[in-house]
Structure formats: C-alpha cells, structure tokens
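Before any comments, here is the structure.
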Amino acid sequence: MSVHPVVAEVTARIAARSAAGRSAYLDKLAAAHTEGPVRRDLACSNFAHGFAGITGGDKEALRALRRPNLAIVSAYNDMLSAHQPMHEYPAWIKDAARAQGGVAQFAGGVPAMCDGITQGRAGMELSLFSRDVIAMATGIALSHDMFDATVLLGVCDKIVPGLLIGALSFGHLPAILIPAGPMASGLPNKEKARVRQLFAEGKATRENLLEAEAASYHSPGTCTFYGTANSNQLVVEVMGLHLPGASFVPPGTKLRRALTEEAARRAVEISRGDEYTPIGRVVDEKAVVNGVIALLATGGSTNHTMHLVAIASAAGIELSWDDFADLSSVVPLLARVYPNGSADINHFQAAGGVQFLVSTLLDAGLLHEDVHTVAGFGLNRYRQEPVLIEGALTWRNGPDHSLDTDVLRPVSDPFAADGGLRMLSGNLGRAVIKVSAVQPEHRVVEAPARVFTSQEDFSAAFKAGELDRDVVVVVRQQGPQANGMPELHKLTPGLGVLMDRGFNVALVTDGRMSGASGKVPAAIQVTPEAAVGGPLARVRDGDVLRVDAETGTLEALVDPAELAARDLVDFPPDAQAWSGTGRELFGALRRAVGPADRGASVFGPIAASHFAGQLNQEVSR
C-alpha cells in the first residue's frame, strides 16, 4: 500500500528543510568510514594500550586486525530496576561476538538516573541534562578508534535518547540497542492512582501509600506503565534499532538472553561487507517519521516531543513540533496503556504488541516500509515476533488481529481518530498537550489563574483549600534554563482530586509532565520559558486563561497592551538558588541549553545562540 499523503508530505518537507544539515552529516559519515578496522591506523603505542587488558584469543585477534570489535556501552547499575538485569549482558555479548567471528570490549559506562526516585526532589532538576551527559559519555566511550560497531545497553527515560545521540556522533558505526524488558505486572495502575489520590487528600497513611508503590514497582525490569521508558523501547524498535520483537520480552527468561546474544551476533554481521549498516543511515527522515507515528499511535510520552527532535538533530535532520501535530491529525490512537487506560505494557505485549502495531500501521500506509534497519532492509521484518524452538531463536509471523481490543486495536477500529498529541499556541507561547487520556468534556478550560513557582507552593495551597474552584494552575520557572526542566508529577494527585470534586482544572507550565501525563489537561513545555522572559512571566493571579485543545489555543484573556506593559516577575531566575545535590556542576549546561521545541539540548546552533545571548545579558548587567 502507498504511504498516506500526509505522512509522505511531512516526510518530504522534513527532508527539504534538512537538506543542508543531512548532507553535511552524511559527508562526515563517509569521511569517517574505513574499509576494515579503523584501529589499524593507530600508532603502535596507542594500539597496544587498546588491547593490553585482554587475555587469550581475543587479544591476538585484535592485535592481528582479523576480527570486528564491538564496543559495549552500558547504562547498567543495580539501583535501577530496569538496568539491573544488564549486569550479565557483557559476558553474554562477548561470547556471542566471539562465536560470530568478532570481539567485544566493554568500552564505557554511562550514568543512569531514575526519574521515579528523584520525582519532586532536587535531583530531578538534573534529569533532562543527564541525557546530554549520557550522549557525551557515549562519545568518550567510542572515541578510541578501536571499534567497528557498538551495542548500546539502556532502557529508561533520558538514557536511550542520550545513547542514540552519542552513537549518532559516530554515525559511521553500526549500532544496536539492547533492552532488558519489563518487570512482571504488579498492583493494577488504577488502584495505585487511587491510593495516591487518597494520600493527597489525607485519607491514606504513608504506610498505605508505600505498600501500594512497592506492590507496583517490585522486581528487576522496567516499570510497566507506558511512560518514557517503555515509549523509548517501542519507538526505537519501530525505527529499526532493536531486533524485531526485542522491546518487551521480560528479564530473566531464556528468550531475553537469546535476543541479547543474537544482537551481538548481528552487530558483528552488520559491521562490514555487504551488510554494513551504519546507524547514521538507519536514522534517516523516514525512520524519524516512523518513530513519531509509533509514539502517536500509542499515546506515548510527551518527553519524545523533545527527545526525537534532539535525536533527529544529531543525524542532521530538523524535526519540528508542527510535524508532530500534522502527523497526529491522521494517525489514529490504537493503544490504551496506563495512563491512557488501565492495562500495562505486559498486557499490550500479550495483545499483539509492537508486531501487530507495525502490521496494522503498514497495511494502512501509515509507516514507511522502505527503511534500513538493524535486521535488514524493510520494516516488514518487524511484523515478526521472536520465539525459541527447541532452544533455538527464530522468528514467526506476529498475530494478524488484536488479542484484546480493550488494549490494542487495528487502524480500522481505533480508540480515537487522531494520536491525541496536539500543539497549542497563543499569546502565552507554544506548548504541547496530550489529550489521549483527557475526556472530551475537559479539553477546553477557561478559568482564573493561580500562579506558582514550585510544586511545594502548589501543594501548600491545595492542602489549605485555596484551589477548590475552577482554576488554571500555572507553574512557571520550570523550564530548561530556569532549573533544568523537571517533571512535575507531585502536581498530579492534587489536580486529579480537584477535577474529581467537579471543578474545571488545567495546568500550564514551562516544565514537563512526561509519559505519565493523565486525565488533567496540561499545557506543558511552554516556550519561550519564563526564565528567558517568556509571556508566562507576565501572568498574574486572577488572569483568565484559556486552554483549548480543540482549537489549539493557549491564551491569557488580558488586554494585549496591559500584558505587554507588565513587569516580568521572577526574571531572571535566582541562579544562587540552583545549587546543592550536584546542581552547581551543571551550571554551564543550564546556560547553554536551547528551547524545548528544539529538543532542549546543549548541542547545536540553537543552544550556542542561547549561550551567546546569555553571556551578552551577563556582560550588560
């Protein structure tokens, strides 16, 4: 089937917009590629350092330049449940690479923080910046000119985007992402949310709350709700960067190990010869559009409105929020996974998972099939699911129908006609709103504003009963340059309670809400942010704001002349307040970071121009 005309048009305009940058990127790839191991050009002293720590046959193979060498770059640590299973992976990968005629070395580790632990804490203000630190750490790991391909071990929120951005800086190297899989289903998500709201109202104890949380997050593996971590896995699989069906196989299973070993073998295969498949060729305009479509069709994390922009930029491709919006208008919502439904990611997998999703989208012309992937050319390969037959890994055709239409549906019978991700604009700037979990009657809110600059101030007002009314809660000074753009999930229970009490409620913020955005309409990632003099810095308590997801507007219903004449409150933000918990170490990133709609990245010309502007402000002061 031919590609849907809107998908084709958006892809074409991305390619046209990106022509110069993409061409320069591909020229860089061509210049970096060599026919044979790049380490042969190292001076003898340099080269000797590269294999000094190896023993046995691998050492001789590297020294003799006979075998491809895989770089293992890992986010393993045993604090994060999603990454804990990876402690066994390097040994498996080395054995599998050796059997395939290659060698593997552990090239480097990257930091991996958990947003679930840092939610509402000072450490959360480092979360978004950790993505770019991971990218830089990946670059350091690959900088030794010892490697012919890489395997990237990571799962969670900023980790997969960071690994990808770093790997794309070495885009001439093939790269395969290797996940760990989700933990077993625990306490149902609706019950967890119910206990959280009860605690917010003072109707449940801390012991009740901890018991519910521990029953939800209870074992090694990825958290099972459809937040950024699981959105990462689904999106990169549809982009062709996982082996088919690898995303949601549980840890601790024979199939999980077999897929990990096969990824190592496949990385050796695509490192040279006719199957040479550099990551910079896999991540092209069509793959980026496929990733956006997969996100939209499943109601995935709003964080990817920044991460996919930054990933694309690392490959010389310019992706915009308007591209997301235009694709969302024609991509139907096909999945209901918490917070967009009651099911978790294991239920999604059981209903047909990525394989059925890819099949129905391909059949409807909503994905590009003619793309490079780590499994070979063509996305049809991703209709197949992995299985073990007498202990041997093979692939078979995935289901041709959903096994649970309450969780996963075909394009012919969607949950909604569009992807549920929309862009808002108006005199308060631009923002993202995710409406896939918002009931239609709550998608337009017009009410007086109550302005805060922290989650703690909101919580205090909520507990004091000051918000028991129709209200648009504004939480500003939460953008990248203000405080690193933390996720604001401490707001969620209180806002949910206000909605359940019958009030018209919305949130407007220059911060993030991510994959756990739920039933409350939230205009997030507002840009320009208050910290750079954006219009949010002019909003006052009592101003009537309109958040309209139907028409795509975000407005302060204030006389334009009056709004423009107002002083900017809390501008610039207090730099001295941003210290402690390591935050002072990230001051340079905070000054350099670009706007949310350009990926909130410290890399590239947008970030550089922001940094120059910041320096000029400091000089003038």
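By convention here, the chains of the structure tokens are called A, B, ... in the order presented, each chain's residues are numbered starting at 1, and ligands are numbered starting at 1 in the order presented.
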What's the 6 Å shell around A:Thr553, counting only C-alpha atoms, without same-chain residues fewer than 6 positions away, as a short mmCIF file (atom, residue, chain, number, x, y, z; two decimals) with N, CA and C atoms, in the first residue's frame?
data_model
loop_
_atom_site.label_atom_id
_atom_site.label_comp_id
_atom_site.auth_asym_id
_atom_site.auth_seq_id
_atom_site.Cartn_x
_atom_site.Cartn_y
_atom_site.Cartn_z
N LEU A 424 -0.35 23.67 21.10
CA LEU A 424 -1.11 24.87 21.45
C LEU A 424 -0.26 26.10 21.16
N SER A 425 -0.90 27.19 20.78
CA SER A 425 -0.16 28.44 20.59
C SER A 425 -1.09 29.61 20.87
N GLY A 426 -0.49 30.72 21.19
CA GLY A 426 -1.24 31.93 21.51
C GLY A 426 -0.33 32.94 22.18
#
Residues of stretch 233-323 of chain A that approach stretch 34-46 of chain A to 10 Å or less, counting only C-alpha atoms: could you list each one with the shortest pair of atoms and its distance in Å to one decimal, rows by chain and increasing residue number, as CSV?
residue,atom,partner,partner_atom,distance
A:Ser271,CA,A:Gly36,CA,9.4
A:Arg272,CA,A:Gly36,CA,7.5
A:Gly273,CA,A:Glu35,CA,8.6
Residue subset to file, keeping C-alpha atoms, as a short mmCIF file (atom, residue, chain, number, x, y, z; two decimals), in the first residue's frame:
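For reference, again.cif as written:
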data_model
loop_
_atom_site.label_atom_id
_atom_site.label_comp_id
_atom_site.auth_asym_id
_atom_site.auth_seq_id
_atom_site.Cartn_x
_atom_site.Cartn_y
_atom_site.Cartn_z
CA SER A 271 29.85 -4.15 10.85
CA ARG A 272 31.37 -4.93 7.46
CA GLY A 273 30.87 -6.24 3.94
#
What's the 7 Å shell around stretch 389-396 of chain A, counting only C-alpha atoms, without same-chain residues fewer than 4 positions away, as an mmCIF file with C-alpha atoms, in the first residue's frame?
data_model
loop_
_atom_site.group_PDB
_atom_site.id
_atom_site.type_symbol
_atom_site.label_atom_id
_atom_site.label_comp_id
_atom_site.auth_asym_id
_atom_site.auth_seq_id
_atom_site.Cartn_x
_atom_site.Cartn_y
_atom_site.Cartn_z
ATOM 1 C CA ALA A 258 18.812 -15.367 23.300
ATOM 2 C CA GLN A 384 7.573 -10.898 13.130
ATOM 3 C CA GLU A 385 7.982 -11.973 16.748
#
From stretch 139-230 of chain A, collect each residue whose DSSP state is strand (DSSP E) and return the set as an MDAnalysis selection string. chainID A and resid 149:153 175:178
Store the residues picked out above, limited to N, CA and C atoms, as a short mmCIF file (atom, residue, chain, number, x, y, z; two decimals), in the first residue's frame.
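Contents of again08.cif, freshly written:
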data_model
loop_
_atom_site.label_atom_id
_atom_site.label_comp_id
_atom_site.auth_asym_id
_atom_site.auth_seq_id
_atom_site.Cartn_x
_atom_site.Cartn_y
_atom_site.Cartn_z
N ALA A 149 31.70 -1.50 15.49
CA ALA A 149 30.26 -1.41 15.73
C ALA A 149 30.07 -1.28 17.23
N THR A 150 28.84 -0.99 17.63
CA THR A 150 28.58 -0.85 19.06
C THR A 150 27.24 -1.45 19.42
N VAL A 151 27.15 -1.96 20.64
CA VAL A 151 25.87 -2.36 21.21
C VAL A 151 25.62 -1.45 22.41
N LEU A 152 24.42 -0.90 22.45
CA LEU A 152 24.05 0.11 23.43
C LEU A 152 23.06 -0.48 24.41
N LEU A 153 23.42 -0.53 25.69
CA LEU A 153 22.60 -1.16 26.71
C LEU A 153 21.93 -0.07 27.54
N ALA A 175 25.11 0.24 15.03
CA ALA A 175 24.77 0.23 16.45
C ALA A 175 23.42 -0.47 16.64
N ILE A 176 23.33 -1.29 17.67
CA ILE A 176 22.09 -1.96 18.03
C ILE A 176 21.80 -1.66 19.50
N LEU A 177 20.58 -1.25 19.77
CA LEU A 177 20.14 -1.05 21.15
C LEU A 177 19.66 -2.36 21.74
N ILE A 178 20.04 -2.63 22.98
CA ILE A 178 19.64 -3.87 23.65
C ILE A 178 18.91 -3.50 24.95
#
Give me the residues within 6 Å of stretch 281-292 of chain A as an mmCIF file with C-alpha atoms, in the first residue's frame, counting only C-alpha atoms and dropping any in the same chain fewer than 6 places off.
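part.cif was written with the following content:
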data_model
loop_
_atom_site.group_PDB
_atom_site.id
_atom_site.type_symbol
_atom_site.label_atom_id
_atom_site.label_comp_id
_atom_site.auth_asym_id
_atom_site.auth_seq_id
_atom_site.Cartn_x
_atom_site.Cartn_y
_atom_site.Cartn_z
ATOM 1 C CA VAL A 235 9.746 3.947 19.333
ATOM 2 C CA MET A 239 12.748 2.928 13.982
ATOM 3 C CA LEU A 367 4.547 3.810 8.169
ATOM 4 C CA HIS A 372 17.147 0.397 6.703
ATOM 5 C CA THR A 373 17.012 -1.495 9.995
#
Identify, on the basis of only C-alpha atoms, every residue whose closest approach to stretch 163-165 of chain A does not exceed 6 Å; exclude the query and any residue fewer than 5 positions from it along the same chain; express the result as a PyMOL selection string. chain A and resi 135+311+314
Can I get the selection written as a short mmCIF file (atom, residue, chain, number, x, y, z; two decimals), in the first residue's frame, with C-alpha atoms?
data_model
loop_
_atom_site.label_atom_id
_atom_site.label_comp_id
_atom_site.auth_asym_id
_atom_site.auth_seq_id
_atom_site.Cartn_x
_atom_site.Cartn_y
_atom_site.Cartn_z
CA ALA A 135 25.49 11.43 24.92
CA ILE A 311 17.89 12.61 18.15
CA ALA A 314 22.12 14.54 15.88
#
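Minimum distance to A:Ile14 across A:Leu362, A:Leu557, A:Ile317, A:Ala530 (counting only C-alpha atoms) occurs at A:Ile317.
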Check the smallest atom-to-atom distance from each of A:Pro182, A:Pro251, A:Gly534, A:Gly398 to A:Ile345 using only C-alpha atoms, then report the winner.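 Distance minimum relative to A:Ile345 lands on A:Pro182.
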If you run DSSP on this backbone, which residues of stretch 247-428 of chain A come out as helix (DSSP H, G or I), and could you give them as a PyMOL selection string? chain A and resi 254-269+273-275+279-282+285-298+304-314+321-328+345-351+353-363+379-383
Same residues, C-alpha atoms, output as an mmCIF file, in the first residue's frame:
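Result written to part-v6.cif:
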data_model
loop_
_atom_site.group_PDB
_atom_site.id
_atom_site.type_symbol
_atom_site.label_atom_id
_atom_site.label_comp_id
_atom_site.auth_asym_id
_atom_site.auth_seq_id
_atom_site.Cartn_x
_atom_site.Cartn_y
_atom_site.Cartn_z
ATOM 1 C CA LYS A 254 15.726 -17.723 28.048
ATOM 2 C CA LEU A 255 14.244 -15.643 25.239
ATOM 3 C CA ARG A 256 15.675 -12.436 26.717
ATOM 4 C CA ARG A 257 19.163 -13.966 26.818
ATOM 5 C CA ALA A 258 18.812 -15.367 23.300
ATOM 6 C CA LEU A 259 17.844 -11.940 21.948
ATOM 7 C CA THR A 260 20.796 -10.303 23.703
ATOM 8 C CA GLU A 261 23.208 -12.826 22.234
ATOM 9 C CA GLU A 262 21.644 -12.511 18.791
ATOM 10 C CA ALA A 263 22.032 -8.719 18.954
ATOM 11 C CA ALA A 264 25.767 -9.197 19.479
ATOM 12 C CA ARG A 265 25.984 -11.626 16.556
ATOM 13 C CA ARG A 266 24.001 -9.283 14.376
ATOM 14 C CA ALA A 267 26.221 -6.327 15.303
ATOM 15 C CA VAL A 268 29.218 -8.303 14.058
ATOM 16 C CA GLU A 269 27.397 -9.135 10.814
ATOM 17 C CA GLY A 273 30.874 -6.238 3.936
ATOM 18 C CA ASP A 274 27.593 -6.264 2.052
ATOM 19 C CA GLU A 275 25.537 -5.998 5.248
ATOM 20 C CA ILE A 279 23.419 3.882 12.442
ATOM 21 C CA GLY A 280 23.643 7.200 10.628
ATOM 22 C CA ARG A 281 21.960 5.562 7.626
ATOM 23 C CA VAL A 282 19.316 3.785 9.721
ATOM 24 C CA GLU A 285 13.990 11.117 7.676
ATOM 25 C CA LYS A 286 11.698 8.132 7.129
ATOM 26 C CA ALA A 287 12.846 6.375 10.304
ATOM 27 C CA VAL A 288 12.304 9.556 12.320
ATOM 28 C CA VAL A 289 8.762 9.889 10.951
ATOM 29 C CA ASN A 290 8.128 6.208 11.750
ATOM 30 C CA GLY A 291 9.228 6.867 15.320
ATOM 31 C CA VAL A 292 6.859 9.823 15.668
ATOM 32 C CA ILE A 293 3.974 7.794 14.235
ATOM 33 C CA ALA A 294 4.599 4.901 16.636
ATOM 34 C CA LEU A 295 4.579 7.357 19.529
ATOM 35 C CA LEU A 296 1.334 8.980 18.407
ATOM 36 C CA ALA A 297 -0.458 5.721 17.658
ATOM 37 C CA THR A 298 0.156 4.508 21.204
ATOM 38 C CA HIS A 304 9.654 12.491 22.994
ATOM 39 C CA THR A 305 8.483 15.805 21.571
ATOM 40 C CA MET A 306 11.920 16.891 22.794
ATOM 41 C CA HIS A 307 13.922 13.644 22.584
ATOM 42 C CA LEU A 308 13.005 12.807 18.989
ATOM 43 C CA VAL A 309 13.795 16.377 17.956
ATOM 44 C CA ALA A 310 17.226 16.086 19.596
ATOM 45 C CA ILE A 311 17.887 12.610 18.153
ATOM 46 C CA ALA A 312 16.934 13.774 14.678
ATOM 47 C CA SER A 313 19.178 16.813 15.029
ATOM 48 C CA ALA A 314 22.116 14.536 15.885
ATOM 49 C CA TRP A 321 6.525 20.304 16.732
ATOM 50 C CA ASP A 322 4.381 21.166 13.713
ATOM 51 C CA ASP A 323 5.447 17.842 12.188
ATOM 52 C CA PHE A 324 4.172 16.058 15.313
ATOM 53 C CA ALA A 325 0.879 17.936 15.131
ATOM 54 C CA ASP A 326 0.284 17.278 11.436
ATOM 55 C CA LEU A 327 1.083 13.577 11.796
ATOM 56 C CA SER A 328 -1.126 13.353 14.891
ATOM 57 C CA ILE A 345 2.837 -2.816 28.948
ATOM 58 C CA ASN A 346 2.705 -6.586 29.542
ATOM 59 C CA HIS A 347 -0.982 -6.549 28.579
ATOM 60 C CA PHE A 348 -0.080 -4.575 25.449
ATOM 61 C CA GLN A 349 2.562 -7.152 24.551
ATOM 62 C CA ALA A 350 0.145 -10.043 25.123
ATOM 63 C CA ALA A 351 -2.498 -8.375 22.945
ATOM 64 C CA GLY A 353 2.465 -5.759 20.935
ATOM 65 C CA VAL A 354 4.781 -3.978 18.539
ATOM 66 C CA GLN A 355 4.329 -6.643 15.864
ATOM 67 C CA PHE A 356 0.588 -6.121 15.489
ATOM 68 C CA LEU A 357 1.025 -2.345 15.770
ATOM 69 C CA VAL A 358 3.567 -2.318 12.936
ATOM 70 C CA SER A 359 1.408 -4.609 10.812
ATOM 71 C CA THR A 360 -1.764 -2.560 11.053
ATOM 72 C CA LEU A 361 0.071 0.740 10.502
ATOM 73 C CA LEU A 362 1.955 -0.640 7.497
ATOM 74 C CA ASP A 363 -1.223 -2.041 5.988
ATOM 75 C CA LEU A 379 10.133 -2.691 8.073
ATOM 76 C CA ASN A 380 8.129 -5.802 7.178
ATOM 77 C CA ARG A 381 10.658 -7.734 9.227
ATOM 78 C CA TYR A 382 9.134 -6.076 12.303
ATOM 79 C CA ARG A 383 5.811 -7.816 11.754
#
To one decimal in Å, tell me the separation between atom CA of A:Leu126 and atom CA of A:Leu168. 22.8 Å
One decimal place gives the atom CA of A:Pro410-atom CA of A:Val435 separation as 19.9 Å
List the spatial neighbours of stretch 54-70 of chain A as a list in words - criterion: any atom at most 6 Å away, only C-alpha atoms, same-chain residues fewer than 3 positions off excluded.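 That gives Phe51, Gly102, Val103, Ala104, Phe147, Asp148, Ala149 and Thr150 of chain A.
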Ranking A:Val526, A:Ala107, A:Ile159, A:Val7 by minimum distance to A:Phe129 and counting only C-alpha atoms, which one comes first?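 Of the candidates, the smallest distance to A:Phe129 is held by A:Ile159.
Among the candidates A:Thr11, A:Gln119, A:Ser342, A:Gln455, the one nearest to A:Leu495 when counting only C-alpha atoms is A:Gln455.
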Which one is closest to A:Gln478: A:Ala71, A:Val249, A:Ala531, A:Leu234? Count only C-alpha atoms.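 The closest residue to A:Gln478 is A:Ala531.
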I need the residue nearest A:Ser436 from this list: A:Asn397, A:Thr551, A:Ser169, A:Ser301. Use only C-alpha atoms for the distance. A:Ser301
Atom pair atom CA of A:Thr527 / atom CA of A:Thr509: separation (Å):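 Going from atom CA of A:Thr527 over to atom CA of A:Thr509, I get 9.3 Å.
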